[in-house]
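Below is target_3.cif, which holds mmCIF, C-alpha atoms.
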data_data
#
loop_
_atom_site.label_atom_id
_atom_site.label_comp_id
_atom_site.auth_asym_id
_atom_site.auth_seq_id
_atom_site.Cartn_x
_atom_site.Cartn_y
_atom_site.Cartn_z
CA MET A 741 104.05 112.86 90.73
CA LYS A 742 102.76 109.99 88.61
CA ILE A 743 103.85 106.68 90.11
CA LEU A 744 103.54 103.28 88.46
CA SER A 745 103.11 100.44 90.97
CA ILE A 746 103.83 97.06 89.38
CA TYR A 747 103.06 93.77 91.11
CA ARG A 748 105.25 90.87 90.00
CA HIS A 749 103.33 88.39 92.19
CA LYS A 750 99.65 88.31 93.14
CA ALA A 751 100.83 88.07 96.76
CA SER A 752 102.35 91.55 96.50
CA ALA A 753 99.19 93.10 95.02
CA GLU A 754 97.33 91.64 98.01
CA ASN A 755 100.01 92.53 100.59
CA PRO A 756 98.39 94.86 103.18
CA ASP A 757 101.64 96.78 103.79
CA VAL A 758 102.11 97.41 100.07
CA GLN A 759 98.46 98.52 99.91
CA LYS A 760 99.08 100.89 102.85
CA ILE A 761 102.11 102.42 101.11
CA VAL A 762 100.14 102.92 97.90
CA ALA A 763 97.27 104.52 99.88
CA LYS A 764 99.70 106.84 101.67
CA LEU A 765 101.23 107.91 98.33
CA ARG A 766 97.72 108.74 97.09
CA ASP A 767 96.90 110.59 100.32
CA LYS A 768 99.88 112.82 99.62
CA GLY A 769 98.31 113.78 96.29
CA HIS A 770 100.33 111.53 93.99
CA GLU A 771 98.67 109.64 91.16
CA VAL A 772 99.36 105.90 91.47
CA VAL A 773 98.67 103.67 88.48
CA GLU A 774 98.72 99.93 89.22
CA PHE A 775 99.75 97.13 86.88
CA ASN A 776 99.42 93.41 87.60
CA LEU A 777 102.44 91.89 85.86
CA PHE A 778 101.42 88.44 87.13
CA ASP A 779 98.27 88.83 85.06
CA ALA A 780 99.87 90.16 81.84
CA LYS A 781 99.40 87.73 78.97
CA THR A 782 99.13 89.35 75.55
CA ASP A 783 101.42 91.58 73.52
CA ALA A 784 98.84 94.34 74.06
CA ASP A 785 99.27 93.96 77.86
CA TYR A 786 103.03 94.39 77.49
CA ASP A 787 102.67 97.31 75.07
CA LYS A 788 100.48 98.95 77.70
CA LEU A 789 103.12 98.32 80.37
CA ILE A 790 105.81 100.02 78.28
CA ASP A 791 103.52 103.02 77.71
CA LEU A 792 102.84 103.23 81.45
CA ILE A 793 106.56 103.08 82.28
CA TRP A 794 107.26 106.00 79.95
CA GLU A 795 104.26 107.99 81.21
CA ALA A 796 105.29 107.55 84.89
CA ASP A 797 107.69 109.80 86.76
CA LYS A 798 108.70 106.85 88.94
CA THR A 799 108.16 103.10 88.79
CA ILE A 800 108.01 100.80 91.82
CA SER A 801 108.04 97.13 90.96
CA TRP A 802 107.00 95.13 94.02
CA TRP A 803 108.38 91.67 94.60
CA MET B 1117 127.73 107.83 79.46
CA ALA B 1118 125.00 110.23 78.39
CA LYS B 1119 121.44 109.65 79.52
CA ASP B 1120 119.34 107.90 76.86
CA PRO B 1121 115.66 108.80 77.33
CA ASP B 1122 114.63 105.93 75.05
CA LYS B 1123 116.39 103.22 77.02
CA LEU B 1124 114.80 101.05 79.73
CA GLY B 1125 117.14 99.69 82.40
CA ILE B 1126 116.01 96.32 83.74
CA PHE B 1127 117.50 95.03 86.98
CA VAL B 1128 116.63 91.34 87.23
CA THR B 1129 116.58 89.97 90.79
CA SER B 1130 113.86 87.33 90.37
CA PRO B 1131 114.70 83.89 89.00
CA VAL B 1132 111.07 83.30 87.96
CA HIS B 1133 110.29 86.15 85.54
CA ILE B 1134 112.19 85.21 82.38
CA ASN B 1135 109.00 84.93 80.29
CA GLU B 1136 107.91 88.39 81.42
CA LEU B 1137 111.40 89.73 80.71
CA VAL B 1138 111.34 88.41 77.14
CA LYS B 1139 107.87 89.93 76.61
CA ILE B 1140 109.05 93.29 77.98
CA VAL B 1141 112.10 93.34 75.70
CA GLU B 1142 109.91 92.43 72.71
CA ALA B 1143 107.43 95.17 73.60
CA CYS B 1144 110.25 97.73 73.93
CA GLN B 1145 111.55 96.76 70.51
CA ARG B 1146 108.08 97.06 68.97
CA LYS B 1147 107.99 100.61 70.32
CA GLY B 1148 111.48 101.54 69.18
CA LYS B 1149 112.88 101.58 72.71
CA LYS B 1150 116.20 100.12 73.80
CA VAL B 1151 116.97 98.04 76.88
CA LYS B 1152 119.94 97.51 79.17
CA ILE B 1153 119.72 94.44 81.41
CA PHE B 1154 121.62 93.29 84.50
CA PHE B 1155 120.98 89.97 86.24
CA THR B 1156 121.93 89.61 89.88
CA PHE B 1157 121.87 87.03 92.66
CA LYS B 1158 119.35 84.22 92.08
CA ALA B 1159 118.41 85.67 88.69
CA THR B 1160 121.86 84.56 87.49
CA HIS B 1161 120.38 81.02 87.47
CA LEU B 1162 118.60 82.19 84.32
CA VAL B 1163 121.81 81.66 82.32
CA LEU B 1164 120.65 78.01 82.24
CA HIS B 1165 117.14 78.83 81.00
CA PRO B 1166 116.33 77.87 77.38
CA GLU B 1167 115.11 81.43 76.67
CA PHE B 1168 118.33 83.06 77.90
CA LYS B 1169 120.29 82.61 74.69
CA ARG B 1170 117.50 84.11 72.57
CA LEU B 1171 117.21 87.02 74.98
CA LYS B 1172 120.95 87.65 74.85
CA GLU B 1173 120.77 87.82 71.05
CA MET B 1174 118.03 90.45 71.21
CA VAL B 1175 120.25 92.93 73.10
CA PRO B 1176 123.60 94.51 72.14
CA GLU B 1177 126.56 92.97 73.96
CA GLU B 1178 127.32 96.09 75.99
CA ASP B 1179 123.75 96.29 77.28
CA PHE B 1180 123.49 92.77 78.70
CA ALA B 1181 125.40 91.46 81.72
CA ILE B 1182 125.24 89.30 84.81
CA CYS B 1183 126.84 89.70 88.24
CA VAL B 1184 129.66 87.16 88.03
CA ALA B 1185 130.23 87.17 91.80
CA ALA B 1186 126.59 86.25 92.34
CA LEU B 1187 126.84 83.47 89.76
CA ALA B 1188 129.84 82.04 91.58
CA CYS B 1189 128.16 82.44 95.00
CA GLU B 1190 125.20 80.48 93.67
CA GLY B 1191 127.53 77.55 92.99
CA PHE B 1192 128.02 77.91 89.24
CA GLU B 1193 131.23 77.95 87.24
CA PRO B 1194 131.27 81.07 85.04
CA GLU B 1195 133.51 79.42 82.46
CA TYR B 1196 131.05 76.72 81.47
CA HIS B 1197 127.70 77.70 82.97
CA ALA B 1198 127.92 81.20 81.48
CA GLY B 1199 130.20 80.27 78.61
CA GLU B 1200 128.06 82.03 76.03
CA LEU B 1201 128.59 85.40 77.65
CA THR B 1202 131.63 87.50 76.78
CA ALA B 1203 134.11 88.71 79.40
CA ASN B 1204 132.48 92.12 79.03
CA GLN B 1205 129.15 90.59 80.12
CA LEU B 1206 130.51 89.06 83.34
CA ARG B 1207 130.39 92.11 85.57
CA THR B 1208 130.17 93.46 89.11
CA GLN B 1209 127.42 95.52 90.78
CA ALA B 1210 129.12 98.57 89.24
CA PHE B 1211 127.25 97.62 86.04
CA HIS B 1212 124.00 98.38 87.91
CA GLY B 1213 125.38 101.84 88.74
CA GLU B 1214 126.35 102.36 85.11
CA LEU B 1215 122.84 101.26 84.06
CA LEU B 1216 121.17 103.78 86.41
CA GLU B 1217 123.35 106.58 85.03
CA GLU B 1218 122.53 105.70 81.45
CA VAL B 1219 118.83 104.82 81.19
CA GLY B 1220 115.80 107.10 80.92
CA LYS B 1221 113.45 104.60 82.57
CA TYR B 1222 114.00 101.80 85.06
CA LEU B 1223 112.28 98.57 86.01
CA VAL B 1224 113.10 95.85 88.52
CA LEU B 1225 112.09 92.24 87.96
CA MET C 1148 124.77 113.51 89.63
CA SER C 1149 124.54 111.46 92.83
CA TYR C 1150 121.35 109.47 92.61
CA LYS C 1151 119.39 108.32 95.64
CA VAL C 1152 118.27 104.71 95.53
CA CYS C 1153 116.18 102.72 98.00
CA PHE C 1154 116.08 98.93 98.20
CA LEU C 1155 112.96 97.26 99.61
CA ILE C 1156 113.58 93.67 100.75
CA ALA C 1157 110.89 91.31 102.04
CA ASN C 1158 112.27 87.82 101.47
CA ARG C 1159 114.61 86.17 103.97
CA SER C 1160 117.01 84.75 101.41
CA TYR C 1161 117.52 88.11 99.66
CA ILE C 1162 118.67 90.16 102.67
CA SER C 1163 122.44 89.66 102.52
CA ASP C 1164 122.61 89.97 98.77
CA GLY C 1165 120.33 93.01 98.75
CA ILE C 1166 122.66 94.75 101.19
CA ARG C 1167 125.63 93.76 99.01
CA SER C 1168 123.87 95.23 95.98
CA ALA C 1169 123.01 98.42 97.90
CA LEU C 1170 126.67 98.73 98.87
CA GLY C 1171 127.61 98.28 95.21
CA LEU C 1172 125.75 101.51 94.42
CA ALA C 1173 127.08 103.34 97.49
CA VAL C 1174 130.64 102.79 96.29
CA GLU C 1175 129.55 104.24 92.93
CA ASN C 1176 128.81 107.44 94.88
CA MET C 1177 125.05 106.99 95.06
CA TYR C 1178 123.01 107.44 98.22
CA SER C 1179 121.87 103.97 99.09
CA TYR C 1180 119.10 103.10 101.54
CA THR C 1181 117.80 99.61 102.33
CA TYR C 1182 114.52 98.80 104.06
CA ILE C 1183 114.06 95.32 105.52
CA PHE C 1184 110.42 94.24 105.87
CA TYR C 1185 109.16 91.33 108.02
CA GLN C 1186 112.41 89.40 108.31
CA LYS C 1187 115.01 88.74 110.90
CA MET C 1188 118.49 89.67 109.76
CA PRO C 1189 120.83 86.70 109.22
CA ALA C 1190 123.24 85.68 111.96
CA LYS C 1191 126.12 88.12 112.24
CA THR C 1192 129.09 87.59 109.98
CA GLU C 1193 132.14 89.75 109.58
CA TYR C 1194 131.32 90.17 105.87
CA LEU C 1195 127.80 91.47 106.42
CA GLU C 1196 128.81 93.67 109.35
CA GLU C 1197 131.54 95.23 107.21
CA ASN C 1198 129.10 95.84 104.36
CA LEU C 1199 126.69 97.58 106.72
CA ALA C 1200 129.49 99.73 108.20
CA TRP C 1201 130.67 100.63 104.71
CA ILE C 1202 127.16 101.68 103.62
CA ARG C 1203 126.99 103.95 106.69
CA ASP C 1204 130.42 105.40 105.89
CA MET C 1205 129.04 106.29 102.47
CA GLU C 1206 126.08 108.12 104.08
CA GLY C 1207 123.64 105.31 103.37
CA GLU C 1208 121.61 103.32 105.88
CA VAL C 1209 119.87 99.99 106.45
CA PHE C 1210 116.46 100.28 108.14
CA ALA C 1211 114.13 97.81 109.84
CA VAL C 1212 110.47 98.53 109.05
CA SER C 1213 109.56 97.57 112.58
CA GLU C 1214 105.77 97.70 112.31
CA THR C 1215 105.95 94.75 109.87
CA MET C 1216 107.96 92.62 112.35
CA ASP C 1217 107.06 90.50 115.34
CA GLU C 1218 108.61 91.47 118.65
CA GLU C 1219 111.49 88.98 118.55
CA THR C 1220 112.44 89.91 114.98
CA LYS C 1221 112.24 93.62 115.76
CA ASN C 1222 114.41 93.28 118.87
CA PHE C 1223 117.01 91.20 117.06
CA ASN C 1224 117.23 93.65 114.16
CA LEU C 1225 117.29 96.78 116.32
CA GLN C 1226 119.37 95.57 119.24
CA GLU C 1227 121.71 92.92 117.83
CA TRP C 1228 122.19 94.49 114.41
CA GLU C 1229 121.48 98.08 115.44
CA LEU C 1230 119.47 98.72 112.29
CA THR C 1231 117.71 102.07 112.24
CA GLU C 1232 113.99 101.81 112.99
CA ALA C 1233 111.61 102.97 110.26
CA THR C 1234 107.85 103.19 109.80
CA LEU C 1235 105.80 102.69 106.65
CA ASP C 1236 105.46 106.50 106.57
CA ASP C 1237 109.27 106.74 106.45
CA VAL C 1238 109.31 104.27 103.55
CA VAL C 1239 106.77 106.42 101.69
CA GLU C 1240 108.92 109.52 102.22
CA LYS C 1241 112.01 107.73 100.97
CA ILE C 1242 110.20 106.35 97.91
CA LEU C 1243 109.26 109.93 97.02
CA GLU C 1244 112.75 111.27 97.75
CA CYS C 1245 114.70 108.61 95.83
CA ASP C 1246 115.40 108.64 92.10
CA PHE C 1247 115.09 104.85 91.90
CA VAL C 1248 113.19 102.28 93.95
CA VAL C 1249 114.37 98.66 93.92
CA GLY C 1250 111.86 96.02 94.99
CA TYR C 1251 114.55 93.41 95.52
CA GLY C 1252 113.92 89.69 95.10
CA LEU C 1253 110.88 87.63 95.92
CA PRO C 1254 107.87 88.26 98.20
CA PRO C 1255 107.94 87.17 101.84
CA GLN C 1256 107.24 83.48 102.30
CA LYS C 1257 104.00 82.36 103.94
CA ILE C 1258 105.46 79.10 105.13
CA GLN C 1259 107.54 78.78 108.24
CA THR C 1260 111.20 78.47 107.31
CA PRO C 1261 112.09 74.77 107.59
CA PRO C 1262 115.05 73.92 109.85
CA GLN C 1263 116.83 72.55 106.77
CA CYS C 1264 117.39 76.16 105.66
CA ALA C 1265 119.80 76.80 108.54
#
Let me see the structure of the file written as structure tokens.
Amino acid sequence: MKILSIYRHKASAENPDVQKIVAKLRDKGHEVVEFNLFDAKTDADYDKLIDLIWEADKTISWW
Amino acid sequence: MAKDPDKLGIFVTSPVHINELVKIVEACQRKGKKVKIFFTFKATHLVLHPEFKRLKEMVPEEDFAICVAALACEGFEPEYHAGELTANQLRTQAFHGELLEEVGKYLVL
Amino acid sequence: MSYKVCFLIANRSYISDGIRSALGLAVENMYSYTYIFYQKMPAKTEYLEENLAWIRDMEGEVFAVSETMDEETKNFNLQEWELTEATLDDVVEKILECDFVVGYGLPPQKIQTPPQCA
């Protein structure tokens, strides 16, 4: 499964429990693509986000 | 309601991501995608944000709603704090269920 | 189709409303699971207890991710509230099983909750 992991806050991207969950998803053979929403600035960043959402089987948007 | 593979459902729980929300809606529209948005709990404070009115005008009436119980719980008066929304846009959590049934993709803010 | 949805809640002030929102989907005939990270459940109220009972009646559940909690928080959530204990591995399984994942609200706060929040 292709999973998109979005971080709304920098604190969530750095959260060790979130990192553990992402690592466990990868260990199970799933592809996890990460996107730092807190760092998105340009239209191109947001266009990329929309592409990633449509490419993913599932999206998790962390706090 | 039939599933629309070109529609993104956005469940807004955060009161601090209105700028990101506007950018996401704009990006969807650039790509020919539709959106359906539901604001809940503290995100209902966004009805007072200067960008809210513009956002509302970017989305068809039936695809844009807030949880009216949450708005009231947060101390607001729907009649004048959310006066620009129609009765159809003042909804319950059932709108979230309707959104999940309808959209092809889903994002939480 | 009955979707499966899991709510992930990490911020103290979003717990009650997250459970209310999870119940909102349960009554729409969706399977609704809520995972509480880090936080102590609020003090018991009839409203919140009823919501929790209703979620369970609808085959949903509210879990405490106990390995993210200190001992006092864990005991309160498991003993007083009788939440079901879950591990991060359980959360991973549920994320994979569910059709939708809802990261509800804001991140956990770093600061100690001031007494004024009571």
Given only C-alpha atoms as the basis, pick out the residue of B:Leu1201, B:Val1175, B:Ala1185, B:Ile1140 nearest to Phe1157 of chain B.
B:Ala1185
Expand the PyMOL selection byres ((chain C) within 9 of (chain A)) into the explicit residue set it covers here, and present it as a PyMOL selection string.
chain C and resi 1155-1158+1215+1235-1236+1238-1240+1242-1243+1246-1255
Matched chain/residue IDs from the PyMOL selection byres ((chain C and resi 1217-1224) around 12), as a PyMOL selection string:
chain C and resi 1159+1182-1191+1209-1216+1225-1233
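Listed by chain and then by number, the residues chosen by the PyMOL selection byres ((chain B and resi 1212) around 9) in this file are Gly1125, Phe1127, Ile1153, Phe1154, Thr1208, Gln1209, Ala1210, Phe1211, Gly1213, Glu1214, Leu1215, Leu1216 and Glu1217 of chain B; Ser1168, Gly1171 and Leu1172 of chain C.
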Which chain B residues have any atom within 8 Å of an atom of chain A, and for each, what is the nearest pair of atoms with distance in Å to one decimal, counting all atoms listed in the file, rows sorted by chain and number, as JSON lines?
{"residue": "B:Glu1136", "atom": "CA", "partner": "A:Leu777", "partner_atom": "CA", "distance": 7.9}
{"residue": "B:Lys1139", "atom": "CA", "partner": "A:Tyr786", "partner_atom": "CA", "distance": 6.6}
{"residue": "B:Ile1140", "atom": "CA", "partner": "A:Tyr786", "partner_atom": "CA", "distance": 6.1}
{"residue": "B:Ala1143", "atom": "CA", "partner": "A:Asp787", "partner_atom": "CA", "distance": 5.4}
{"residue": "B:Cys1144", "atom": "CA", "partner": "A:Ile790", "partner_atom": "CA", "distance": 6.6}
{"residue": "B:Lys1147", "atom": "CA", "partner": "A:Asp787", "partner_atom": "CA", "distance": 7.9}
{"residue": "B:Lys1221", "atom": "CA", "partner": "A:Trp794", "partner_atom": "CA", "distance": 6.9}
{"residue": "B:Tyr1222", "atom": "CA", "partner": "A:Thr799", "partner_atom": "CA", "distance": 7.1}
{"residue": "B:Leu1223", "atom": "CA", "partner": "A:Ser801", "partner_atom": "CA", "distance": 6.7}
{"residue": "B:Val1224", "atom": "CA", "partner": "A:Ser801", "partner_atom": "CA", "distance": 5.8}
{"residue": "B:Leu1225", "atom": "CA", "partner": "A:Ser801", "partner_atom": "CA", "distance": 7.0}
Rounded to one decimal place, report the atom CA of Asp1204 of chain C-atom CA of Thr1156 of chain B distance in Å.
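A separation of 24.0 Å between them.
Atom pair atom CA of Asp1120 of chain B / atom CA of Lys1150 of chain B: separated by 8.9 Å.
For the atom pair formed by atom CA of Lys1172 of chain B and atom CA of Ala1188 of chain B, the distance is 19.8 Å, given to one decimal.
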Give me the box for segment 760-771 of chain A as AutoDock Vina command-line options, namely the centre and edge lengths in Å to one decimal of a box along x, y and z that holds every listed atom plus 4 Å on each side.
--center_x 99.5 --center_y 107.3 --center_z 97.0 --size_x 13.2 --size_y 20.9 --size_z 19.7
Min atom-atom distance to chain B from the set C:Met1205, C:Ile1166, C:Pro1261, C:Glu1175, counting only C-alpha atoms, belongs to C:Glu1175
From (124.2, 86.5, 89.3), in the file's coordinates, out to 9 Å: which residues are reached, counting only C-alpha atoms? Answer as an NGL selection string.
:B and (1129 or 1154-1163 or 1182-1190)
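Nearest-residue note for chain C: choosing from B:Pro1194, B:Gly1148, B:Gly1199, B:Pro1131, the minimum distance belongs to B:Pro1131, counting all atoms listed in the file.
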Residues within 6 Å of Lys1151 of chain C, all atoms listed in the file, excluding chain neighbours under 6 positions, as a list of chain:residue names:
C:Met1177, C:Tyr1178, C:Cys1245, C:Asp1246
Which of C:Cys1153, C:Arg1203, C:Ala1169, C:Glu1196 sits closest to chain B [using all atoms listed in the file]:
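Distance minimum relative to chain B lands on C:Ala1169.
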